[in-house]
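K.L.:
Sharing a structure here in structure tokens format.
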Amino acid sequence: MRTTYRMRPGRFLGILAAGLIILGVAAIVWALGLPTVVIAVFLALGGLVALAGLWVLARPPVVLKLRGDEIEVRGVRTPWTDITEVGRVETTHGEAIVLRTKQKEHSVLLPLGWLPPGQAPTLETSLRDRLNEANGYTIWDGTAPDDADRAE
């Protein structure tokens, strides 16, 4: 099963706003009576930036892909068997989900501010479930094992 998480679209409103501001500058340049070439440049640039802003708002960048045998965070693929722990840490940019790997220096951080609101708990649960599945862990239901269930 493959799951994809995208960035929070609101992070990219600035691109659309910049395009609209450039279009506003084109209107001011037109009102001042500057040459048509200058107006055309501002219109083209503003239009392209505004369209790019709309595109990014409609399809934000992919942050995380969960696959059956690996996880891909911002283009870096890591097998589930290399991940030892999933948790939260405080960073200079706020709280983040950390994926600790067998090699301590290769831990992966995913800032929670990048995700849409309310998606972090679902993601953490999914990460832990897949990590447990990859390592063959099961959740203990609180009952004692049968006498026939012997440790190996």
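Just so we're on the same page: first chain in the structure tokens is A, next is B, and so on; residues restart at 1 for each chain, and ligands are numbered from 1 in the order they show up.
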Among chain A, which residues carry a DSSP assignment of helix (DSSP H, G or I), reported as a ChimeraX atom specification?

P.N.:
/A:9-32,36-58,80-82,104-106,112-114,120-135

K.L.:
Please report as a Markdown table every residue of range 36-114 of chain A lying within 8 Å of range 6-28 of chain A, along with the nearest atom pair and their distance in Å (one decimal), using only C-alpha atoms.

P.N.:
```
| residue | atom | partner | partner_atom | distance |
| --- | --- | --- | --- | --- |
| A:Ile39 | CA | A:Ala26 | CA | 5.4 |
| A:Ala40 | CA | A:Ala26 | CA | 7.8 |
| A:Phe42 | CA | A:Ala26 | CA | 5.1 |
| A:Leu43 | CA | A:Leu23 | CA | 5.7 |
| A:Leu45 | CA | A:Ile22 | CA | 7.2 |
| A:Gly46 | CA | A:Gly19 | CA | 4.4 |
| A:Gly47 | CA | A:Gly19 | CA | 6.3 |
| A:Leu48 | CA | A:Gly19 | CA | 7.3 |
| A:Val49 | CA | A:Gly19 | CA | 4.6 |
| A:Ala50 | CA | A:Gly19 | CA | 4.1 |
| A:Leu51 | CA | A:Leu16 | CA | 7.4 |
| A:Ala52 | CA | A:Leu16 | CA | 7.3 |
| A:Gly53 | CA | A:Leu16 | CA | 4.2 |
| A:Leu54 | CA | A:Leu16 | CA | 6.3 |
| A:Val56 | CA | A:Phe12 | CA | 6.8 |
| A:Leu57 | CA | A:Pro9 | CA | 5.1 |
| A:Ala58 | CA | A:Pro9 | CA | 7.6 |
| A:Arg59 | CA | A:Pro9 | CA | 7.9 |
| A:Pro60 | CA | A:Met7 | CA | 5.6 |
| A:Pro61 | CA | A:Arg6 | CA | 5.7 |
| A:Val62 | CA | A:Arg6 | CA | 4.3 |
| A:Val63 | CA | A:Arg6 | CA | 5.2 |
| A:Leu64 | CA | A:Arg6 | CA | 6.9 |
| A:Gly113 | CA | A:Arg8 | CA | 7.8 |
| A:Trp114 | CA | A:Met7 | CA | 5.1 |
```

K.L.:
Using only C-alpha atoms, which residues sit within 12 Å of Arg2 in chain A once same-chain residues fewer than 4 positions away are excluded, as a list in words?

P.N.:
Leu64, Lys65, Leu66, Arg67, Gly68, Asp69, Glu70, Ile71, Glu72, Ser126 and Arg130 of chain A

K.L.:
Residues at most 12 Å from Gln103 in chain A, counting only C-alpha atoms, excluding those fewer than 2 positions away in the same chain, as a list in words?

P.N.:
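Selected residues are Thr78, Thr81, Asp82, Ile83, Thr84, Glu85, Leu99, Arg100, Thr101, Glu105, His106, Ser107 and Val108 of chain A.
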
K.L.:
What parts of chain A does DSSP call strand (DSSP E)? I'd like the answer as a PyMOL selection string.

P.N.:
chain A and resi 3-6+62-66+70-73+76-79+83-91+94-101+108-111

K.L.:
Let me see the file: selected residues, C-alpha atoms, as an mmCIF file, in the first residue's frame.

P.N.:
```cif
data_model
loop_
_atom_site.group_PDB
_atom_site.id
_atom_site.type_symbol
_atom_site.label_atom_id
_atom_site.label_comp_id
_atom_site.auth_asym_id
_atom_site.auth_seq_id
_atom_site.Cartn_x
_atom_site.Cartn_y
_atom_site.Cartn_z
ATOM 1 C CA THR A 3 0.416 6.657 0.844
ATOM 2 C CA THR A 4 1.502 10.148 -0.166
ATOM 3 C CA TYR A 5 1.579 13.214 2.085
ATOM 4 C CA ARG A 6 1.816 16.690 0.591
ATOM 5 C CA VAL A 62 5.142 15.840 -1.956
ATOM 6 C CA VAL A 63 6.824 15.645 1.429
ATOM 7 C CA LEU A 64 6.516 11.975 2.229
ATOM 8 C CA LYS A 65 5.686 8.700 0.475
ATOM 9 C CA LEU A 66 5.012 5.559 2.480
ATOM 10 C CA GLU A 70 10.515 1.835 2.169
ATOM 11 C CA ILE A 71 9.753 5.407 3.096
ATOM 12 C CA GLU A 72 10.668 8.398 0.939
ATOM 13 C CA VAL A 73 11.056 11.776 2.658
ATOM 14 C CA VAL A 76 15.482 10.362 0.167
ATOM 15 C CA ARG A 77 14.492 6.689 0.305
ATOM 16 C CA THR A 78 15.076 4.597 3.410
ATOM 17 C CA PRO A 79 14.076 0.947 3.910
ATOM 18 C CA ILE A 83 14.437 2.821 10.818
ATOM 19 C CA THR A 84 14.662 2.168 14.548
ATOM 20 C CA GLU A 85 12.276 4.722 16.034
ATOM 21 C CA VAL A 86 9.599 7.285 15.221
ATOM 22 C CA GLY A 87 9.059 10.199 17.587
ATOM 23 C CA ARG A 88 8.755 13.946 18.007
ATOM 24 C CA VAL A 89 11.492 16.472 18.688
ATOM 25 C CA GLU A 90 11.702 20.228 19.144
ATOM 26 C CA THR A 91 13.743 22.028 16.496
ATOM 27 C CA GLY A 94 9.112 24.101 15.803
ATOM 28 C CA GLU A 95 8.066 20.540 16.467
ATOM 29 C CA ALA A 96 9.048 17.816 13.996
ATOM 30 C CA ILE A 97 8.604 14.095 13.485
ATOM 31 C CA VAL A 98 11.960 12.339 13.607
ATOM 32 C CA LEU A 99 12.730 9.012 11.983
ATOM 33 C CA ARG A 100 15.826 7.634 13.697
ATOM 34 C CA THR A 101 17.830 5.183 11.656
ATOM 35 C CA VAL A 108 15.275 12.247 9.067
ATOM 36 C CA LEU A 109 13.272 15.252 10.293
ATOM 37 C CA LEU A 110 9.845 16.200 9.032
ATOM 38 C CA PRO A 111 8.648 19.578 10.404
#
```

K.L.:
What does the distance from CA of Glu133 in chain A to CA of Pro116 in chain A come to in Å, to one decimal?

P.N.:
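Rounded to one decimal, the two atoms are 25.9 Å apart.
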